[in-house]
Amino acid sequence: MQAQYVTHYPLQEKPLFEAGERVRVRNAAPPGHIRTPFYIRGCAGEIERLCGAFPNPEELAQMRDGLPAKPLYRVRFAQKDVWPDYKGSPADVLEIEIFQHWLEKT
Amino acid sequence: MIQRGHHDMGGLDAGKVERTEHDYAGWERRVDALVMLMRRHRLTVDESRKNIEALPPEAYDRMSYYERWVASLAQTLIQRGIVTSDEIGRKMEDVCKRNT
């Protein structure tokens with residue numbers, strides 16, 4: 001099923017990644033409200049698509065407007081890369097929406 | 001610094017998920033209504049979550065869903081200057097007296 005992303009915010013920040021590109025989630029632990037799950041930090045995956053620009057939740061949490069909106073990507077990970085003891089099919093994937101400032105080139 | 005927030009438990013063992021339906025108590029409905037009203041004043045789910053995630057781990061585990069919501073809402077009302085800690089504190093004392 002194709003998820004639909006609806007956003008009314010313009011892409012003011014230049015998207016740095018394209019669909020199919022390999023990326024790694026930054027292995028960071030900043031204070032505050034963070035939407036990037038702990039278990040995925042440091043993992044490498046592939047950009048599935050650019051979802052558009054969305055207000056930064058880390059700023060929204062602190063009662064600010066979260067603007068300019070940040071590029072958000074759907075990133076696809078192989079389950080076997082995320083869970084060392086994964087026993088399912090090697091073809092299984094996990095997709096997570098992650099903001100651009102949490103991603104870096106591999 | 002804190003590496004992994006207590007709430008950020010994806011991938012950790014957490015036992016079996018108990019799937020139960022329940023009716024919402026009157027106070028739970030009121031908490032929900034208050035949060036929805038605050039959403040009209042730009043309360044975001046991120047701000048609510050920030051205050052829930054700030055709960056001590058022991059409280060986070062012990063409290064029910066709407067207990068966490070109301071604790072978070074109280075923090076938001078104080079942080080936004082809508083009420084003071086003293087006002088909430090005195091009201092809580094009044095309510096406790098009413099129930100004894």
# chains A, B, ... in the order shown; residues from 1 in each chain; ligands from 1
>>> interface_residues(of="chain A", to="chain B", cutoff="12 Å", atoms="only C-alpha atoms", output="PyMOL selection string")
chain A and resi 27-41+55-66+79+82-86
>>> residues_around(residues="A:Glu95", least_positions_apart="3", cutoff="12 Å", atoms="only C-alpha atoms", output="ChimeraX atom specification")
/A:2-3,40,44-49,73-79,82,92,98
>>> select_by_dssp(residues="chain A", states="strand (DSSP E or B)", output="count of residues only")
35
>>> select_by_dssp(residues="chain A", states="alpha helix (DSSP H)", output="VMD selection string")
chain A and resid 57 to 60 79 to 82
>>> residues_around(residues="A:Phe99", least_positions_apart="3", cutoff="7 Å", atoms="only C-alpha atoms", output="PDB file with C-alpha atoms, in the first residue's frame")
ATOM      1  CA  LYS A  70      12.239  20.164   7.198  1.00  0.00           C
ATOM      2  CA  PRO A  71      12.520  17.589   4.409  1.00  0.00           C
ATOM      3  CA  LEU A  72      11.128  14.262   5.608  1.00  0.00           C
ATOM      4  CA  TYR A  73      12.002  10.951   3.967  1.00  0.00           C
ATOM      5  CA  TRP A 102      18.997  12.859  11.125  1.00  0.00           C
TER       6      TRP A 102
END
>>> atom_distance(atom1="atom CA of A:Arg24", atom2="atom CA of A:Leu11")
21.8 Å
